[in-house]
Amino acid sequence: MIDNPYVPLLFFMTLGLLFAAGSVGAGQLIGPKKANAAKAMPYECGLQPSPKAEEGGRVPIKYYLTAMLFIIFDVESLFLFPFAVAFNQLGLFALVEMVLFVITVFVAYAYVWRRGGLNWD
Amino acid sequence: MTSTGEAWAFWILATVAVVTALVLLLARKAVHAAFGMAASMVALGAIFLAQQAPFLGVVHVFVYSGAVMMLFLFVVMLVGVDHADSLVETLPGQRFWSTVLALGLAALLMTGIGRVNYTGTADLSAVNADPGNVPAMAGLIFGRYVWVFEITSLLLITAAMAGMVLAQRQRLTPKATQREWSERRIRSNTHVAGLPNPGVYARHNAVDTPALQPDGSISALSINRTLKARGQVASPVEHVEAEERIQREITEGRTR
Amino acid sequence: MNQEFTMVEINYWAIAPLLVVVAGALIGVLVEAFVARASRHNVQLGVGLVTYLAALVVLLAKSRTEHGLTMGGSVVIDGPSVFLMAVILCFALLSLLVMAERFGGPAADAFTPMGAATPGSDLERSAESAGWGTTEAVPLMMISVVGMMLFVSSGDLLTMFVALEVLSLPLYVLTGLARRRRLLSQEAALKYFLLGSFSSAFFLFGAALLYGYAGSVDIARIALAIGAASPVLDGLLLPGVALVLIGLLFKVGAVPFHAWTPDAYQGAPTPVTGFMAAATKIAAFGAILRLAYVGLSGNRWDWEPALIAIAALTMVIGAVMTVTQTDVKRLLAYSSIAHAGFILVAVMSFDVTGVSGAMFYLVCYGFTTIAAFALVTLVRHEGSEATDLSQWAGLGRRSPVVAGAFAICLLAFAGIPLTSGFTAKFAAFAPAISHGGAAGAWLVVIGVLASAVTAYVYFRIIVTMFFEEGAGDVVAITPSTLTTIAIAIGLVLTILLGVLPGPVLEAATQSAQFLR
């Protein structure tokens, strides 16, 4: 039973769940509960968050663009990982291929940068 | 046969994956669908892990539950968090017939695939020991499928261009710099020292709260035009009152 | 580590045309990044033309003879793939000439000044008056061409899937970039994208099932596995074949997977529509031919009936729906659906002459289509395209050249002798008669009837153009030299392939043998 490779996994999942539940529960149990208007505010200083979620607020598409650009380079890094791990076996050919791949993706980067896609205004 | 542990893991994770995938499909609120997708992807990633494919499992959680999920959330923010699908059928009977056809297709596929019977045990431990899971993947990516790998970069370029072309608004004129603004101010001789700052109160300090003038009236100039247009200007009254309350408490405390 | 990493063998001459177009696309993207906006249009046009020409030269001079598998089996260079790649490059060249049309303005007329601006907004108007344009269209198109060339030459389902995505994604974007009727264009792009990704998912699911069946994604290995017939895994084969074919038939717009075609064709910028109609069809039929003739021919008795039914349905519904259309672009879209059905008839003959017939048909249809859509861009009402059929009334009296040229295209679509349409239909239907058996004969009968129905529509348009009185404010504007060249090449080949089909038919026949 203890040899099963899933046991550590199970152990960690249980530990994670316990920790999460414990932290939330402990706060509920032992924290003082005195409500006032200032505490209900998201920030002590600063603007009220906008757009407000409870009004079904919508945010500009700029955020989405940034997320999408992130994914492009995220996917690139996924390919870098096995390349890096197996670099010793792969040799020069794979290095050349990886460099070509990275150059191609950096062409996209140059395009986005020059177009102003990385500016926030 | 698979080990009991693996079988248990499979049945639990598969149930989670399918149920949450159905949530993704059927939830009326975009947020619920997003949660369904995240859970489904995590369950799938865990299945990959259980199948001795750690790289695939981790990548799955990384890309889908991490990055794609984030995109999904931004879409939710784009359309508004409370946005729900309209359930009006534009084509009469469409939902009925699509359900019938979808179930038919599912039945056909299941009868076909259900007949399949694999023998032997699928075991990756030999490959995972030597050359190792990730190096084996690397061997395929940079070996047999290197061409596919290279061509994939074109997809990434297309994605970048598509995002830029369809969603990034470019400025027609360059944005005025701080220097240009100050020169403009001095030339026109209005608000040469700059516009008044927003209000700073004992209990609050934010750009959406207007400053008060010496006579106690609100200074309209101290608020950004955008916030005004969006109707996001906060009222300073509560802060002033809070301040007065504190003041009162302090004075009361002194006299007590 | 006792497992050595093995490098794939690369025949650089074989993949050189692909590499040339990839390089061109990358240069195009860099041009977007580093060249001043004012000169981008001309630079991009130059880059595009040089790229396509160079790729064509390399393909015909070097890669043509490099038959065989390369890149570990991902790329197959054989007769059909070389022929279809060459044709795709020719179509890309012509389409680029039409796409670059400016009508005297500062930017390409077909594309929006700023795709991200809200339609009808001040931002869009000021971008327009500043002379902005979407020059990204050229590199996007080049990426799409890479995908198409790879699609007809891919030797395994994984490469085929990535090629499918590489060819489709730029097309989705291009569809949404029309200068006029922005909302319609964006809607078309969204529909095309959603349905397209749905069909890609079908393809991928099918490919996964076939992998489960054969233990490999290589088309040749799948053929071997089908030949070896393992009854325990049989349940995977037919669903796999069906799902893969659904994904491919979607791309050619076969009924019942055609729903996107009219909307996408109508909403897309007209030159892009011409490119999609001509080149995407080639790419998808190239893949269908390879799968049907090489990979899946072993169990074709199982899926042939379904494909025959789809071919018949495609012809009938395409023809009948053509009759009811009032918009020229939608009409040509339904006509392209009917043509897809005719090509499927040739595919269903399962003979080497069927391959050459289908390829010849694709060549004829493509040249005529590009010319036809280019002519549609010329007919204007108050500056924007007049696509409603009623607006074309009397066009033959006001602009006899454009109306006459369009009439030639329509005659070719109808399959009238002395046009390429006739020889193409003959080349497509003859193998079905001689090798398709009873089903082939029936399909040909349906095909001839469907042609008659569509011929009625085309003649009705010709009558409208030449014999009806119309409002005088719809006119054909004069195109630039480049567009004129593209239209002229399309028309000359439409006639030439009808009168002297010999050389091209010969080339198609000689390249009809798939490498197995």
# chains A, B, ... in the order shown; residues from 1 in each chain; ligands from 1

call {"tool": "interface_residues", "arguments": {"of": "chain A", "to": "chain C", "cutoff": "6 Å", "atoms": "only C-alpha atoms", "output": "list of chain:residue names"}}
result
A:Leu90, A:Tyr111, A:Arg114

call {"tool": "write_last_selection", "arguments": {"atoms": "N, CA and C atoms", "output": "PDB file, in the first residue's frame"}}
result
ATOM      1  N   LEU A  90      20.221  15.804 -27.417  1.00  0.00           N
ATOM      2  CA  LEU A  90      19.680  16.267 -28.691  1.00  0.00           C
ATOM      3  C   LEU A  90      20.753  16.793 -29.633  1.00  0.00           C
ATOM      4  N   TYR A 111       6.955  42.494 -34.100  1.00  0.00           N
ATOM      5  CA  TYR A 111       5.757  43.096 -34.692  1.00  0.00           C
ATOM      6  C   TYR A 111       4.888  43.737 -33.613  1.00  0.00           C
ATOM      7  N   ARG A 114       6.680  46.879 -32.104  1.00  0.00           N
ATOM      8  CA  ARG A 114       6.733  48.047 -32.966  1.00  0.00           C
ATOM      9  C   ARG A 114       5.346  48.636 -33.187  1.00  0.00           C
TER      10      ARG A 114
END

call {"tool": "residues_around", "arguments": {"residues": "B:Ala211", "least_positions_apart": "3", "cutoff": "6 Å", "atoms": "only C-alpha atoms", "output": "PDB file with N, CA and C atoms, in the first residue's frame"}}
result
ATOM      1  N   PRO B 198      -6.827  65.748  -6.288  1.00  0.00           N
ATOM      2  CA  PRO B 198      -8.043  65.207  -5.671  1.00  0.00           C
ATOM      3  C   PRO B 198      -7.955  65.280  -4.148  1.00  0.00           C
ATOM      4  N   GLY B 199      -9.085  65.035  -3.498  1.00  0.00           N
ATOM      5  CA  GLY B 199      -9.159  65.245  -2.059  1.00  0.00           C
ATOM      6  C   GLY B 199      -8.346  64.263  -1.252  1.00  0.00           C
ATOM      7  N   SER B 219     -14.553  70.943  -5.453  1.00  0.00           N
ATOM      8  CA  SER B 219     -13.798  71.463  -6.588  1.00  0.00           C
ATOM      9  C   SER B 219     -13.931  70.497  -7.761  1.00  0.00           C
TER      10      SER B 219
END

call {"tool": "closest_residue", "arguments": {"among": "B:Leu140, B:Ala106, B:Met161, B:Ala67", "to": "A:Phe73", "atoms": "only C-alpha atoms"}}
result
B:Ala67

call {"tool": "closest_atom_pairs", "arguments": {"of": "chain C", "to": "chain B", "cutoff": "9 Å", "atoms": "only C-alpha atoms", "output": "JSON lines"}}
result
{"residue": "C:Met1", "atom": "CA", "partner": "B:Pro131", "partner_atom": "CA", "distance": 5.8}
{"residue": "C:Asn2", "atom": "CA", "partner": "B:Pro131", "partner_atom": "CA", "distance": 7.5}
{"residue": "C:Gln3", "atom": "CA", "partner": "B:Pro131", "partner_atom": "CA", "distance": 6.3}
{"residue": "C:Glu4", "atom": "CA", "partner": "B:Pro131", "partner_atom": "CA", "distance": 8.8}
{"residue": "C:Phe5", "atom": "CA", "partner": "B:Gly139", "partner_atom": "CA", "distance": 5.9}
{"residue": "C:Thr6", "atom": "CA", "partner": "B:Gly143", "partner_atom": "CA", "distance": 6.2}
{"residue": "C:Met7", "atom": "CA", "partner": "B:Gly143", "partner_atom": "CA", "distance": 5.2}
{"residue": "C:Val8", "atom": "CA", "partner": "B:Gly143", "partner_atom": "CA", "distance": 5.6}
{"residue": "C:Val22", "atom": "CA", "partner": "B:Leu154", "partner_atom": "CA", "distance": 8.1}
{"residue": "C:Ala25", "atom": "CA", "partner": "B:Leu154", "partner_atom": "CA", "distance": 8.9}
{"residue": "C:Leu26", "atom": "CA", "partner": "B:Ile157", "partner_atom": "CA", "distance": 8.8}
{"residue": "C:Val29", "atom": "CA", "partner": "B:Met161", "partner_atom": "CA", "distance": 8.4}
{"residue": "C:Met71", "atom": "CA", "partner": "B:Trp147", "partner_atom": "CA", "distance": 6.3}
{"residue": "C:Gly72", "atom": "CA", "partner": "B:Arg144", "partner_atom": "CA", "distance": 5.3}
{"residue": "C:Gly73", "atom": "CA", "partner": "B:Arg144", "partner_atom": "CA", "distance": 7.8}
{"residue": "C:Ser74", "atom": "CA", "partner": "B:Trp147", "partner_atom": "CA", "distance": 6.9}
{"residue": "C:Val75", "atom": "CA", "partner": "B:Trp147", "partner_atom": "CA", "distance": 8.4}
{"residue": "C:Met114", "atom": "CA", "partner": "B:Val165", "partner_atom": "CA", "distance": 7.5}
{"residue": "C:Gly115", "atom": "CA", "partner": "B:Leu166", "partner_atom": "CA", "distance": 5.0}
{"residue": "C:Ala116", "atom": "CA", "partner": "B:Ala167", "partner_atom": "CA", "distance": 4.6}
{"residue": "C:Ala117", "atom": "CA", "partner": "B:Arg169", "partner_atom": "CA", "distance": 6.2}
{"residue": "C:Leu123", "atom": "CA", "partner": "B:Leu172", "partner_atom": "CA", "distance": 8.3}
{"residue": "C:Ser126", "atom": "CA", "partner": "B:Leu172", "partner_atom": "CA", "distance": 7.7}
{"residue": "C:Ala127", "atom": "CA", "partner": "B:Leu172", "partner_atom": "CA", "distance": 6.8}
{"residue": "C:Ala130", "atom": "CA", "partner": "B:Leu172", "partner_atom": "CA", "distance": 8.0}
{"residue": "C:Thr134", "atom": "CA", "partner": "B:Val165", "partner_atom": "CA", "distance": 7.7}
{"residue": "C:Glu136", "atom": "CA", "partner": "B:Met161", "partner_atom": "CA", "distance": 7.6}
{"residue": "C:Leu140", "atom": "CA", "partner": "B:Thr158", "partner_atom": "CA", "distance": 6.9}
{"residue": "C:Ile143", "atom": "CA", "partner": "B:Leu154", "partner_atom": "CA", "distance": 6.9}
{"residue": "C:Val146", "atom": "CA", "partner": "B:Ile151", "partner_atom": "CA", "distance": 9.0}
{"residue": "C:Gly147", "atom": "CA", "partner": "B:Ile151", "partner_atom": "CA", "distance": 8.7}
{"residue": "C:Leu158", "atom": "CA", "partner": "B:Val148", "partner_atom": "CA", "distance": 7.6}
{"residue": "C:Thr159", "atom": "CA", "partner": "B:Val148", "partner_atom": "CA", "distance": 5.7}
{"residue": "C:Val162", "atom": "CA", "partner": "B:Val148", "partner_atom": "CA", "distance": 6.8}
{"residue": "C:Ala163", "atom": "CA", "partner": "B:Ile151", "partner_atom": "CA", "distance": 7.9}
{"residue": "C:Glu165", "atom": "CA", "partner": "B:Leu155", "partner_atom": "CA", "distance": 7.5}
{"residue": "C:Val166", "atom": "CA", "partner": "B:Leu155", "partner_atom": "CA", "distance": 5.8}
{"residue": "C:Leu169", "atom": "CA", "partner": "B:Thr158", "partner_atom": "CA", "distance": 7.0}
{"residue": "C:Pro170", "atom": "CA", "partner": "B:Thr158", "partner_atom": "CA", "distance": 6.4}
{"residue": "C:Val173", "atom": "CA", "partner": "B:Ala162", "partner_atom": "CA", "distance": 6.1}
{"residue": "C:Leu174", "atom": "CA", "partner": "B:Ala162", "partner_atom": "CA", "distance": 8.9}
{"residue": "C:Gly176", "atom": "CA", "partner": "B:Leu166", "partner_atom": "CA", "distance": 8.1}
{"residue": "C:Leu177", "atom": "CA", "partner": "B:Leu166", "partner_atom": "CA", "distance": 8.1}
{"residue": "C:Leu209", "atom": "CA", "partner": "B:Ile113", "partner_atom": "CA", "distance": 8.6}
{"residue": "C:Pro231", "atom": "CA", "partner": "B:Val116", "partner_atom": "CA", "distance": 8.6}
{"residue": "C:Val232", "atom": "CA", "partner": "B:Val116", "partner_atom": "CA", "distance": 5.5}
{"residue": "C:Leu233", "atom": "CA", "partner": "B:Val116", "partner_atom": "CA", "distance": 5.0}
{"residue": "C:Asp234", "atom": "CA", "partner": "B:Val116", "partner_atom": "CA", "distance": 6.8}
{"residue": "C:Gly235", "atom": "CA", "partner": "B:Gly112", "partner_atom": "CA", "distance": 4.4}
{"residue": "C:Leu236", "atom": "CA", "partner": "B:Ile113", "partner_atom": "CA", "distance": 5.4}
{"residue": "C:Leu237", "atom": "CA", "partner": "B:Gly112", "partner_atom": "CA", "distance": 8.4}
{"residue": "C:Leu238", "atom": "CA", "partner": "B:Gly112", "partner_atom": "CA", "distance": 7.6}
{"residue": "C:Pro239", "atom": "CA", "partner": "B:Leu109", "partner_atom": "CA", "distance": 6.1}

call {"tool": "interface_residues", "arguments": {"of": "chain B", "to": "chain A", "cutoff": "6 Å", "atoms": "only C-alpha atoms", "output": "PyMOL selection string"}}
result
chain B and resi 67+71+74+77-82+134-135+138+142+150+156-157+204-206+208

call {"tool": "write_last_selection", "arguments": {"atoms": "C-alpha atoms", "output": "PDB file, in the first residue's frame"}}
result
ATOM      1  CA  ALA B  67      -3.137  30.357 -19.476  1.00  0.00           C
ATOM      2  CA  LEU B  71      -8.024  34.098 -21.398  1.00  0.00           C
ATOM      3  CA  PHE B  74     -10.746  37.922 -19.549  1.00  0.00           C
ATOM      4  CA  MET B  77     -14.674  40.291 -17.973  1.00  0.00           C
ATOM      5  CA  LEU B  78     -15.148  41.501 -21.536  1.00  0.00           C
ATOM      6  CA  VAL B  79     -18.739  40.394 -21.831  1.00  0.00           C
ATOM      7  CA  GLY B  80     -19.568  41.272 -18.248  1.00  0.00           C
ATOM      8  CA  VAL B  81     -19.537  38.914 -15.327  1.00  0.00           C
ATOM      9  CA  ASP B  82     -23.306  38.722 -15.025  1.00  0.00           C
ATOM     10  CA  VAL B 134      10.613  14.570 -20.890  1.00  0.00           C
ATOM     11  CA  PRO B 135      13.640  13.526 -22.975  1.00  0.00           C
ATOM     12  CA  ALA B 138      11.952  15.990 -26.702  1.00  0.00           C
ATOM     13  CA  PHE B 142      12.906  17.467 -32.284  1.00  0.00           C
ATOM     14  CA  GLU B 150       8.572  24.424 -36.598  1.00  0.00           C
ATOM     15  CA  LEU B 156       1.882  31.672 -32.818  1.00  0.00           C
ATOM     16  CA  ILE B 157       2.707  34.473 -35.271  1.00  0.00           C
ATOM     17  CA  HIS B 204      -9.588  58.253   2.592  1.00  0.00           C
ATOM     18  CA  ASN B 205      -7.314  59.260  -0.249  1.00  0.00           C
ATOM     19  CA  ALA B 206      -8.230  58.469  -3.835  1.00  0.00           C
ATOM     20  CA  ASP B 208     -12.163  59.561  -7.405  1.00  0.00           C
TER      21      ASP B 208
END

call {"tool": "closest_residue", "arguments": {"among": "B:Val192, B:Leu49, B:Ala17, B:Leu56", "to": "B:Met37", "atoms": "only C-alpha atoms"}}
result
B:Ala17

call {"tool": "closest_residue", "arguments": {"among": "C:Glu304, C:Phe151, C:Ala259, C:Val57", "to": "C:Ala279", "atoms": "only C-alpha atoms"}}
result
C:Phe151

call {"tool": "select_by_dssp", "arguments": {"residues": "stretch 110-227 of chain B", "states": "helix (DSSP H, G or I)", "output": "PyMOL selection string"}}
result
chain B and resi 110-114+125-142+146-167+178-188+220-222+225-227

call {"tool": "write_last_selection", "arguments": {"atoms": "C-alpha atoms", "output": "PDB file, in the first residue's frame"}}
result
ATOM      1  CA  MET B 110     -19.949   4.823 -28.446  1.00  0.00           C
ATOM      2  CA  THR B 111     -21.182   1.686 -30.159  1.00  0.00           C
ATOM      3  CA  GLY B 112     -18.225   1.832 -32.502  1.00  0.00           C
ATOM      4  CA  ILE B 113     -15.586   2.604 -29.927  1.00  0.00           C
ATOM      5  CA  GLY B 114     -17.208   0.396 -27.284  1.00  0.00           C
ATOM      6  CA  SER B 125       7.738   2.947 -17.026  1.00  0.00           C
ATOM      7  CA  ALA B 126      10.439   1.626 -19.380  1.00  0.00           C
ATOM      8  CA  VAL B 127      10.395   4.836 -21.405  1.00  0.00           C
ATOM      9  CA  ASN B 128      10.081   6.954 -18.289  1.00  0.00           C
ATOM     10  CA  ALA B 129      13.169   5.286 -16.833  1.00  0.00           C
ATOM     11  CA  ASP B 130      15.245   5.596 -19.957  1.00  0.00           C
ATOM     12  CA  PRO B 131      15.477   8.047 -21.619  1.00  0.00           C
ATOM     13  CA  GLY B 132      12.967   9.608 -19.264  1.00  0.00           C
ATOM     14  CA  ASN B 133       9.573  11.080 -19.892  1.00  0.00           C
ATOM     15  CA  VAL B 134      10.613  14.570 -20.890  1.00  0.00           C
ATOM     16  CA  PRO B 135      13.640  13.526 -22.975  1.00  0.00           C
ATOM     17  CA  ALA B 136      11.434  11.035 -24.797  1.00  0.00           C
ATOM     18  CA  MET B 137       9.023  13.854 -25.603  1.00  0.00           C
ATOM     19  CA  ALA B 138      11.952  15.990 -26.702  1.00  0.00           C
ATOM     20  CA  GLY B 139      13.150  13.148 -28.911  1.00  0.00           C
ATOM     21  CA  LEU B 140       9.804  13.159 -30.699  1.00  0.00           C
ATOM     22  CA  ILE B 141       9.438  16.927 -30.888  1.00  0.00           C
ATOM     23  CA  PHE B 142      12.906  17.467 -32.284  1.00  0.00           C
ATOM     24  CA  VAL B 146      10.361  18.523 -35.920  1.00  0.00           C
ATOM     25  CA  TRP B 147       8.610  19.876 -38.999  1.00  0.00           C
ATOM     26  CA  VAL B 148       5.285  20.079 -37.196  1.00  0.00           C
ATOM     27  CA  PHE B 149       7.056  21.794 -34.328  1.00  0.00           C
ATOM     28  CA  GLU B 150       8.572  24.424 -36.598  1.00  0.00           C
ATOM     29  CA  ILE B 151       5.319  25.036 -38.409  1.00  0.00           C
ATOM     30  CA  THR B 152       3.579  25.564 -35.075  1.00  0.00           C
ATOM     31  CA  SER B 153       5.549  28.785 -34.721  1.00  0.00           C
ATOM     32  CA  LEU B 154       3.560  30.134 -37.660  1.00  0.00           C
ATOM     33  CA  LEU B 155       0.414  29.596 -35.620  1.00  0.00           C
ATOM     34  CA  LEU B 156       1.882  31.672 -32.818  1.00  0.00           C
ATOM     35  CA  ILE B 157       2.707  34.473 -35.271  1.00  0.00           C
ATOM     36  CA  THR B 158      -0.789  34.305 -36.692  1.00  0.00           C
ATOM     37  CA  ALA B 159      -2.232  34.549 -33.214  1.00  0.00           C
ATOM     38  CA  ALA B 160      -0.142  37.624 -32.439  1.00  0.00           C
ATOM     39  CA  MET B 161      -1.088  39.312 -35.688  1.00  0.00           C
ATOM     40  CA  ALA B 162      -4.738  38.398 -35.355  1.00  0.00           C
ATOM     41  CA  GLY B 163      -4.890  39.815 -31.856  1.00  0.00           C
ATOM     42  CA  MET B 164      -3.184  43.015 -32.900  1.00  0.00           C
ATOM     43  CA  VAL B 165      -5.180  43.527 -36.085  1.00  0.00           C
ATOM     44  CA  LEU B 166      -8.568  42.754 -34.611  1.00  0.00           C
ATOM     45  CA  ALA B 167      -8.288  44.108 -31.098  1.00  0.00           C
ATOM     46  CA  GLN B 178       4.097  65.603 -19.905  1.00  0.00           C
ATOM     47  CA  ARG B 179       6.342  68.271 -21.329  1.00  0.00           C
ATOM     48  CA  GLU B 180       3.872  69.092 -24.082  1.00  0.00           C
ATOM     49  CA  TRP B 181       1.066  69.324 -21.569  1.00  0.00           C
ATOM     50  CA  SER B 182       3.002  71.733 -19.368  1.00  0.00           C
ATOM     51  CA  GLU B 183       4.009  73.866 -22.346  1.00  0.00           C
ATOM     52  CA  ARG B 184       0.408  73.979 -23.452  1.00  0.00           C
ATOM     53  CA  ARG B 185      -0.644  75.045 -19.954  1.00  0.00           C
ATOM     54  CA  ILE B 186       1.813  77.858 -19.783  1.00  0.00           C
ATOM     55  CA  ARG B 187       1.070  79.092 -23.295  1.00  0.00           C
ATOM     56  CA  SER B 188      -2.653  79.230 -22.669  1.00  0.00           C
ATOM     57  CA  ALA B 220     -14.936  70.000  -9.916  1.00  0.00           C
ATOM     58  CA  LEU B 221     -11.503  70.508 -11.447  1.00  0.00           C
ATOM     59  CA  SER B 222      -9.863  68.089  -9.050  1.00  0.00           C
ATOM     60  CA  ARG B 225     -12.706  63.807 -16.799  1.00  0.00           C
ATOM     61  CA  THR B 226     -12.838  60.080 -17.519  1.00  0.00           C
ATOM     62  CA  LEU B 227     -14.065  59.272 -14.036  1.00  0.00           C
TER      63      LEU B 227
END
